[in-house]
>>> print(open('coords-v8.txt').read())   # compact mmCIF, C-alpha atoms
# COMPACT_ATOMS: atom_id res chain seq x y z
CA MET A 1 64.07 164.45 120.19
CA ASN A 2 67.49 163.46 121.50
CA VAL A 3 68.49 162.14 124.96
CA GLU A 4 72.04 161.95 126.32
CA PHE A 5 73.30 160.95 129.75
CA ASP A 6 76.23 162.64 131.44
CA THR A 7 77.58 162.16 134.98
CA HIS A 8 78.63 164.91 137.39
CA GLY A 9 80.04 162.99 140.37
CA ASN A 10 77.17 160.98 141.83
CA VAL A 11 74.56 163.02 139.94
CA SER A 12 73.42 162.07 136.44
CA VAL A 13 72.50 164.82 134.00
CA VAL A 14 70.03 163.92 131.29
CA VAL A 15 70.36 166.29 128.37
CA ILE A 16 67.08 166.34 126.46
CA SER A 17 66.65 168.29 123.24
CA GLY A 18 63.95 168.69 120.63
CA SER A 19 60.20 168.31 120.87
CA VAL A 20 58.72 166.20 123.68
CA ASP A 21 55.31 165.24 122.32
CA GLY A 22 53.06 162.27 121.70
CA LEU A 23 55.56 160.95 119.13
CA THR A 24 58.66 161.10 121.35
CA ALA A 25 57.53 160.96 125.00
CA GLY A 26 57.28 157.14 125.02
CA ASP A 27 60.91 156.85 123.96
CA LEU A 28 61.95 159.43 126.57
CA LEU A 29 60.09 157.57 129.32
CA SER A 30 61.56 154.16 128.47
CA ARG A 31 65.10 155.60 128.36
CA LEU A 32 64.64 157.44 131.68
CA GLN A 33 63.09 154.41 133.37
CA GLY A 34 65.89 152.16 132.12
CA PHE A 35 68.47 154.62 133.39
CA VAL A 36 66.85 154.86 136.85
CA ALA A 37 66.50 151.06 136.98
CA GLU A 38 70.30 150.82 136.51
CA GLY A 39 70.67 152.63 139.83
CA ASN A 40 71.02 156.23 138.63
CA LEU A 41 68.70 157.82 141.18
CA LEU A 42 70.03 161.37 141.46
CA LEU A 43 68.93 162.94 138.21
CA VAL A 44 68.97 166.40 136.68
CA ALA A 45 67.14 166.98 133.41
CA ASN A 46 68.80 169.71 131.35
CA LEU A 47 65.87 171.10 129.35
CA ALA A 48 67.71 173.97 127.61
CA GLY A 49 67.16 172.30 124.24
CA VAL A 50 63.48 171.54 124.78
CA GLU A 51 61.26 174.20 123.20
CA TYR A 52 58.03 172.22 123.39
CA THR A 53 56.27 169.70 125.56
CA SER A 54 52.69 168.47 125.64
CA SER A 55 50.91 166.47 128.35
CA ALA A 56 52.67 163.37 126.97
CA GLY A 57 55.98 164.80 128.20
CA LEU A 58 54.47 165.57 131.60
CA ARG A 59 53.41 161.94 131.99
CA ALA A 60 57.02 160.84 131.32
CA LEU A 61 58.37 163.32 133.89
CA LEU A 62 55.81 162.33 136.52
CA ALA A 63 56.47 158.60 136.12
CA THR A 64 60.23 159.16 136.33
CA VAL A 65 60.15 161.43 139.37
CA LYS A 66 57.98 158.89 141.20
CA GLN A 67 60.33 156.04 140.27
CA ALA A 68 63.44 157.98 141.35
CA ARG A 69 61.93 159.18 144.65
CA ARG A 70 60.64 155.74 145.57
CA GLY A 71 64.24 154.55 145.17
CA GLY A 72 65.49 157.34 147.46
CA GLY A 73 66.52 159.78 144.72
CA ASP A 74 64.92 162.55 142.69
CA LEU A 75 64.55 164.08 139.24
CA ARG A 76 65.20 167.83 139.21
CA LEU A 77 64.75 170.17 136.26
CA ALA A 78 67.15 172.80 134.96
CA CYS A 79 67.23 175.48 132.22
CA ILE A 80 63.52 175.50 131.44
CA ASN A 81 62.29 177.45 128.41
CA THR A 82 59.26 179.76 128.48
CA HIS A 83 56.70 177.42 126.90
CA VAL A 84 57.79 174.41 128.95
CA ARG A 85 57.71 176.44 132.17
CA LYS A 86 54.20 177.61 131.39
CA VAL A 87 53.05 174.02 130.76
CA LEU A 88 54.66 172.90 134.05
CA GLU A 89 52.99 175.76 135.96
CA LEU A 90 49.53 175.25 134.44
CA SER A 91 49.75 171.55 135.26
CA GLY A 92 50.71 172.03 138.89
CA PHE A 93 54.12 170.41 138.40
CA THR A 94 56.04 173.36 139.85
CA THR A 95 54.69 172.45 143.29
CA ILE A 96 55.94 168.84 143.19
CA MET A 97 59.20 169.13 141.23
CA LYS A 98 62.31 171.18 141.99
CA LEU A 99 63.28 173.67 139.27
CA PHE A 100 66.67 175.37 138.83
CA ASP A 101 68.01 178.09 136.55
CA SER A 102 71.22 176.20 135.79
CA VAL A 103 72.50 172.63 135.65
CA ASP A 104 75.22 173.52 138.17
CA ALA A 105 72.62 174.76 140.69
CA ALA A 106 70.53 171.61 140.21
CA VAL A 107 73.57 169.33 140.63
CA ALA A 108 74.72 171.29 143.69
CA SER A 109 71.25 170.98 145.29
CA TYR A 110 71.90 167.25 145.83
CA ALA A 111 74.82 168.10 148.15
CA VAL A 112 72.24 169.75 150.42
CA SER A 113 69.33 167.38 150.25
CA VAL A 114 68.05 164.27 148.56
CA GLY A 115 64.38 163.47 148.08
CA PRO A 116 61.28 165.54 147.50
CA MET B 117 51.27 194.79 114.32
CA ALA B 118 51.42 197.14 111.30
CA ARG B 119 53.57 194.77 109.26
CA ARG B 120 51.48 191.80 110.31
CA GLU B 121 48.26 193.54 109.22
CA ARG B 122 49.54 193.48 105.66
CA GLU B 123 50.17 189.72 105.70
CA ALA B 124 47.66 187.68 103.75
CA PRO B 125 45.69 185.27 105.92
CA VAL B 126 46.81 181.63 105.57
CA THR B 127 44.28 178.80 105.56
CA ALA B 128 45.26 175.16 105.25
CA GLU B 129 43.82 171.76 106.05
CA PHE B 130 45.29 168.39 107.06
CA ARG B 131 43.30 165.16 106.93
CA ALA B 132 44.19 162.18 109.12
CA GLY B 133 42.77 158.67 109.33
CA SER B 134 44.46 157.37 112.47
CA MET B 135 46.52 158.35 115.52
CA ARG B 136 49.64 157.30 113.59
CA GLU B 137 49.33 160.56 111.66
CA LEU B 138 50.02 162.77 114.69
CA GLY B 139 53.50 163.45 113.29
CA GLY B 140 52.02 164.66 110.01
CA ALA B 141 49.51 166.81 111.87
CA LEU B 142 52.24 168.47 113.99
CA ALA B 143 54.44 169.07 110.94
CA PHE B 144 51.41 170.63 109.24
CA VAL B 145 50.84 172.98 112.21
CA ASP B 146 54.52 173.96 112.27
CA GLN B 147 54.39 174.76 108.56
CA VAL B 148 51.17 176.81 108.69
CA CYS B 149 52.40 178.72 111.77
CA ALA B 150 55.94 179.22 110.43
CA GLY B 151 55.60 183.03 110.47
CA VAL B 152 53.79 183.22 113.80
CA GLU B 153 55.50 184.43 117.00
CA ALA B 154 56.93 181.45 118.91
CA ASP B 155 54.81 181.53 122.08
CA THR B 156 51.57 181.66 120.10
CA ALA B 157 52.67 178.99 117.63
CA LEU B 158 53.69 176.62 120.46
CA ALA B 159 50.37 177.17 122.25
CA VAL B 160 48.43 176.36 119.07
CA ARG B 161 50.63 173.30 118.45
CA LEU B 162 49.95 172.06 121.98
CA ALA B 163 46.18 172.61 121.75
CA ILE B 164 46.00 170.78 118.42
CA GLU B 165 48.16 167.90 119.67
CA GLU B 166 45.99 167.46 122.78
CA ALA B 167 42.73 167.75 120.80
CA PHE B 168 43.92 165.33 118.09
CA THR B 169 45.13 162.79 120.67
CA ASN B 170 41.89 162.99 122.64
CA ILE B 171 39.74 162.48 119.55
CA TYR B 172 41.51 159.17 118.82
CA LYS B 173 41.86 158.11 122.46
CA HIS B 174 38.35 159.00 123.65
CA GLY B 175 36.20 159.82 120.61
CA TYR B 176 37.31 156.84 118.49
CA ALA B 177 38.17 154.85 121.68
CA GLY B 178 41.62 153.87 120.41
CA GLY B 179 40.35 153.01 116.93
CA GLU B 180 40.62 154.74 113.58
CA GLY B 181 38.51 157.36 111.81
CA PRO B 182 38.74 160.61 109.91
CA VAL B 183 39.90 163.87 111.49
CA ALA B 184 40.22 167.10 109.52
CA VAL B 185 42.40 169.82 111.05
CA ARG B 186 41.91 173.26 109.53
CA VAL B 187 44.06 176.20 110.61
CA ASP B 188 43.43 179.86 109.76
CA VAL B 189 46.27 182.24 110.53
CA ALA B 190 45.11 185.87 110.46
CA PRO B 191 46.93 189.00 111.66
CA ARG B 192 45.06 189.19 114.96
CA GLN B 193 44.19 185.58 115.73
CA ILE B 194 44.64 181.93 114.88
CA VAL B 195 41.63 179.67 114.58
CA ALA B 196 41.94 175.88 114.42
CA ILE B 197 38.95 173.66 113.70
CA LEU B 198 39.02 169.89 114.21
CA VAL B 199 36.18 167.90 112.66
CA ASP B 200 35.70 164.17 113.25
CA GLU B 201 33.05 161.48 112.84
CA ALA B 202 33.46 159.95 116.28
CA PRO B 203 30.89 159.43 119.05
CA ALA B 204 30.43 162.52 121.23
CA PHE B 205 33.48 163.69 123.16
CA ASP B 206 33.56 167.22 124.58
CA PRO B 207 36.98 168.33 125.90
CA THR B 208 35.42 171.52 127.30
CA ASP B 209 33.42 169.32 129.67
CA ALA B 210 36.24 166.94 130.72
CA PRO B 211 36.83 166.46 134.47
CA ALA B 212 39.31 168.81 136.14
CA PRO B 213 42.81 167.33 136.50
CA ASP B 214 44.61 166.68 139.76
CA LEU B 215 46.80 169.75 140.31
CA ASP B 216 47.21 169.63 144.09
CA SER B 217 47.94 166.11 145.34
CA PRO B 218 51.37 165.32 146.78
CA TRP B 219 53.81 163.82 144.28
CA ASP B 220 53.26 160.19 145.27
CA GLN B 221 49.49 160.48 144.71
CA ARG B 222 49.61 162.78 141.69
CA ARG B 223 47.93 161.54 138.53
CA ALA B 224 48.48 162.85 135.00
CA GLY B 225 44.95 162.09 133.72
CA GLY B 226 43.00 165.01 132.29
CA LEU B 227 46.03 167.26 131.83
CA GLY B 228 45.65 167.29 128.04
CA CYS B 229 42.13 168.81 128.08
CA HIS B 230 43.16 171.16 130.89
CA LEU B 231 46.17 172.49 128.96
CA LEU B 232 44.08 172.83 125.81
CA ARG B 233 41.56 174.99 127.66
CA GLN B 234 44.22 177.04 129.47
CA MET B 235 46.38 177.74 126.41
CA MET B 236 43.55 178.93 124.16
CA ASP B 237 41.51 182.12 124.52
CA GLU B 238 38.34 180.35 123.41
CA VAL B 239 37.38 176.68 122.97
CA LYS B 240 34.01 175.82 121.47
CA TYR B 241 32.54 172.36 121.07
CA ALA B 242 29.59 171.40 118.88
CA ARG B 243 27.98 168.01 118.30
CA ARG B 244 26.89 167.41 114.74
CA GLU B 245 24.80 164.61 113.31
CA ARG B 246 27.87 162.64 112.22
CA GLY B 247 30.54 163.77 114.64
CA ASN B 248 32.17 166.56 116.59
CA VAL B 249 33.47 170.02 115.76
CA LEU B 250 36.03 171.61 118.04
CA THR B 251 37.00 175.24 117.46
CA LEU B 252 40.13 176.66 119.09
CA LEU B 253 40.86 180.37 119.07
CA LYS B 254 44.12 182.03 120.06
CA THR B 255 44.52 185.81 119.99
CA ARG B 256 47.94 186.94 118.75
CA ALA B 257 49.96 189.06 121.17
>>> encode(input="coords-v8.txt", output="structure tokens")
Amino acid sequence: MNVEFDTHGNVSVVVISGSVDGLTAGDLLSRLQGFVAEGNLLLVANLAGVEYTSSAGLRALLATVKQARRGGGDLRLACINTHVRKVLELSGFTTIMKLFDSVDAAVASYAVSVGP
Amino acid sequence: MARREREAPVTAEFRAGSMRELGGALAFVDQVCAGVEADTALAVRLAIEEAFTNIYKHGYAGGEGPVAVRVDVAPRQIVAILVDEAPAFDPTDAPAPDLDSPWDQRRAGGLGCHLLRQMMDEVKYARRERGNVLTLLKTRA
């Protein structure tokens, strides 16, 4: 798994690629939490390169979205592959997180509203 | 389906002794399912990851112990069987996860067993004298 941070104005895009599983989710969570703790509260996760996630990845997303929202921001998801979307739907995450078809749409959504 | 019917069934087994071998187990699943359509292979990978993790987390209570993962890839279905020597732990009987709470009250506990059950067409649990046998069945599309 690989994680890279990129800024689009006041929004930070986290480009995640590879497999998010029990081996990699801990690393993803610590990097996301560190990034939010530095004050990057408006986040978009670009998941185009993520083919697979297990419940370990969901725990990392849930912890990060809570941390960002409690600070007044959010974590929004973009470019979600079939398997990952199915896992998010089955787990009830599509009702608490905002999902977008493109990174641009997710970034632009912050111009309209911040928060859950 | 016609081409797939001619494929020889593949059977392989991976033996682990601790949670540290999750990486080896996932690489094993990827290898055995290399010729399987992506959606099915990812569902099987997820079910095996969740089952393997739960055996060490709940069955062995964070400790070590043997787990054998056997995967049979046939033209119409994939069957995975996980055998351990842990105290009883039945993922088919695990409490339902929280799927409805608002975000600030949402908890991630129980999602692994839930996903395992949802992603497979059949999940069977059996308690044996020395451990547990979990059978996962996924029909190929």
>>> closest_residue(input="coords-v8.txt", among="A:Met1, A:Leu28, A:Ala56, A:Ile16", to="A:Val44", atoms="only C-alpha atoms")
A:Ile16
>>> closest_atom_pairs(input="coords-v8.txt", of="chain B", to="chain A", cutoff="9 Å", atoms="only C-alpha atoms", output="JSON lines")
{"residue": "B:Arg136", "atom": "CA", "partner": "A:Leu23", "partner_atom": "CA", "distance": 8.9}
{"residue": "B:Leu138", "atom": "CA", "partner": "A:Leu23", "partner_atom": "CA", "distance": 7.3}
{"residue": "B:Gly139", "atom": "CA", "partner": "A:Leu23", "partner_atom": "CA", "distance": 6.7}
{"residue": "B:Ala154", "atom": "CA", "partner": "A:His83", "partner_atom": "CA", "distance": 9.0}
{"residue": "B:Asp155", "atom": "CA", "partner": "A:His83", "partner_atom": "CA", "distance": 6.6}
{"residue": "B:Leu158", "atom": "CA", "partner": "A:Tyr52", "partner_atom": "CA", "distance": 6.8}
{"residue": "B:Ala159", "atom": "CA", "partner": "A:His83", "partner_atom": "CA", "distance": 7.9}
{"residue": "B:Arg161", "atom": "CA", "partner": "A:Ser54", "partner_atom": "CA", "distance": 8.9}
{"residue": "B:Leu162", "atom": "CA", "partner": "A:Ser54", "partner_atom": "CA", "distance": 5.8}
{"residue": "B:Ala163", "atom": "CA", "partner": "A:Ser54", "partner_atom": "CA", "distance": 8.6}
{"residue": "B:Glu165", "atom": "CA", "partner": "A:Ser54", "partner_atom": "CA", "distance": 7.5}
{"residue": "B:Glu166", "atom": "CA", "partner": "A:Ser54", "partner_atom": "CA", "distance": 7.4}
{"residue": "B:Thr169", "atom": "CA", "partner": "A:Gly22", "partner_atom": "CA", "distance": 8.0}
{"residue": "B:Pro213", "atom": "CA", "partner": "A:Ser91", "partner_atom": "CA", "distance": 8.2}
{"residue": "B:Asp214", "atom": "CA", "partner": "A:Gly92", "partner_atom": "CA", "distance": 8.2}
{"residue": "B:Leu215", "atom": "CA", "partner": "A:Gly92", "partner_atom": "CA", "distance": 4.7}
{"residue": "B:Asp216", "atom": "CA", "partner": "A:Gly92", "partner_atom": "CA", "distance": 6.7}
{"residue": "B:Ser217", "atom": "CA", "partner": "A:Ile96", "partner_atom": "CA", "distance": 8.7}
{"residue": "B:Pro218", "atom": "CA", "partner": "A:Ile96", "partner_atom": "CA", "distance": 6.8}
{"residue": "B:Trp219", "atom": "CA", "partner": "A:Ile96", "partner_atom": "CA", "distance": 5.6}
{"residue": "B:Asp220", "atom": "CA", "partner": "A:Lys66", "partner_atom": "CA", "distance": 6.4}
{"residue": "B:Arg222", "atom": "CA", "partner": "A:Leu62", "partner_atom": "CA", "distance": 8.1}
{"residue": "B:Arg223", "atom": "CA", "partner": "A:Leu62", "partner_atom": "CA", "distance": 8.2}
{"residue": "B:Ala224", "atom": "CA", "partner": "A:Arg59", "partner_atom": "CA", "distance": 5.8}
{"residue": "B:Gly225", "atom": "CA", "partner": "A:Arg59", "partner_atom": "CA", "distance": 8.6}
{"residue": "B:Gly226", "atom": "CA", "partner": "A:Ser55", "partner_atom": "CA", "distance": 9.0}
{"residue": "B:Leu227", "atom": "CA", "partner": "A:Ser55", "partner_atom": "CA", "distance": 6.0}
{"residue": "B:Gly228", "atom": "CA", "partner": "A:Ser55", "partner_atom": "CA", "distance": 5.3}
{"residue": "B:His230", "atom": "CA", "partner": "A:Ser91", "partner_atom": "CA", "distance": 7.9}
{"residue": "B:Leu231", "atom": "CA", "partner": "A:Leu90", "partner_atom": "CA", "distance": 7.0}
{"residue": "B:Gln234", "atom": "CA", "partner": "A:Leu90", "partner_atom": "CA", "distance": 7.5}
{"residue": "B:Met235", "atom": "CA", "partner": "A:Val87", "partner_atom": "CA", "distance": 8.8}
>>> atom_distance(input="coords-v8.txt", atom1="atom CA of B:Val145", atom2="atom CA of B:Ile164")
8.2 Å
>>> residues_around(input="coords-v8.txt", residues="B:Ala242", least_positions_apart="6", cutoff="10 Å", atoms="all atoms listed in the file", output="mmCIF file with C-alpha atoms, in the frame of the given file")
data_model
loop_
_atom_site.group_PDB
_atom_site.id
_atom_site.type_symbol
_atom_site.label_atom_id
_atom_site.label_comp_id
_atom_site.auth_asym_id
_atom_site.auth_seq_id
_atom_site.Cartn_x
_atom_site.Cartn_y
_atom_site.Cartn_z
ATOM 1 C CA VAL B 199 36.180 167.900 112.660
ATOM 2 C CA ALA B 204 30.430 162.520 121.230
ATOM 3 C CA PHE B 205 33.480 163.690 123.160
ATOM 4 C CA ASP B 206 33.560 167.220 124.580
ATOM 5 C CA ASN B 248 32.170 166.560 116.590
ATOM 6 C CA VAL B 249 33.470 170.020 115.760
ATOM 7 C CA LEU B 250 36.030 171.610 118.040
ATOM 8 C CA THR B 251 37.000 175.240 117.460
#
>>> atom_distance(input="coords-v8.txt", atom1="atom CA of A:Gly9", atom2="atom CA of A:Arg85")
27.3 Å
>>> atom_distance(input="coords-v8.txt", atom1="atom CA of B:Val183", atom2="atom CA of B:Arg131")
5.8 Å
>>> axis_aligned_box(input="coords-v8.txt", around="stretch 28-39 of chain A", padding_each_side="5 Å", output="AutoDock Vina command-line options")
--center_x 65.4 --center_y 155.1 --center_z 133.2 --size_x 20.6 --size_y 18.6 --size_z 23.3
>>> residues_near_point(input="coords-v8.txt", point="(32.4, 157.3, 121.5)", cutoff="6 Å", atoms="only C-alpha atoms", output="PyMOL selection string")
chain B and resi 175-176+202-204
>>> residues_around(input="coords-v8.txt", residues="A:Asn40", least_positions_apart="4", cutoff="7 Å", atoms="only C-alpha atoms", output="list of chain:residue names")
A:Ser12, A:Phe35, A:Val36
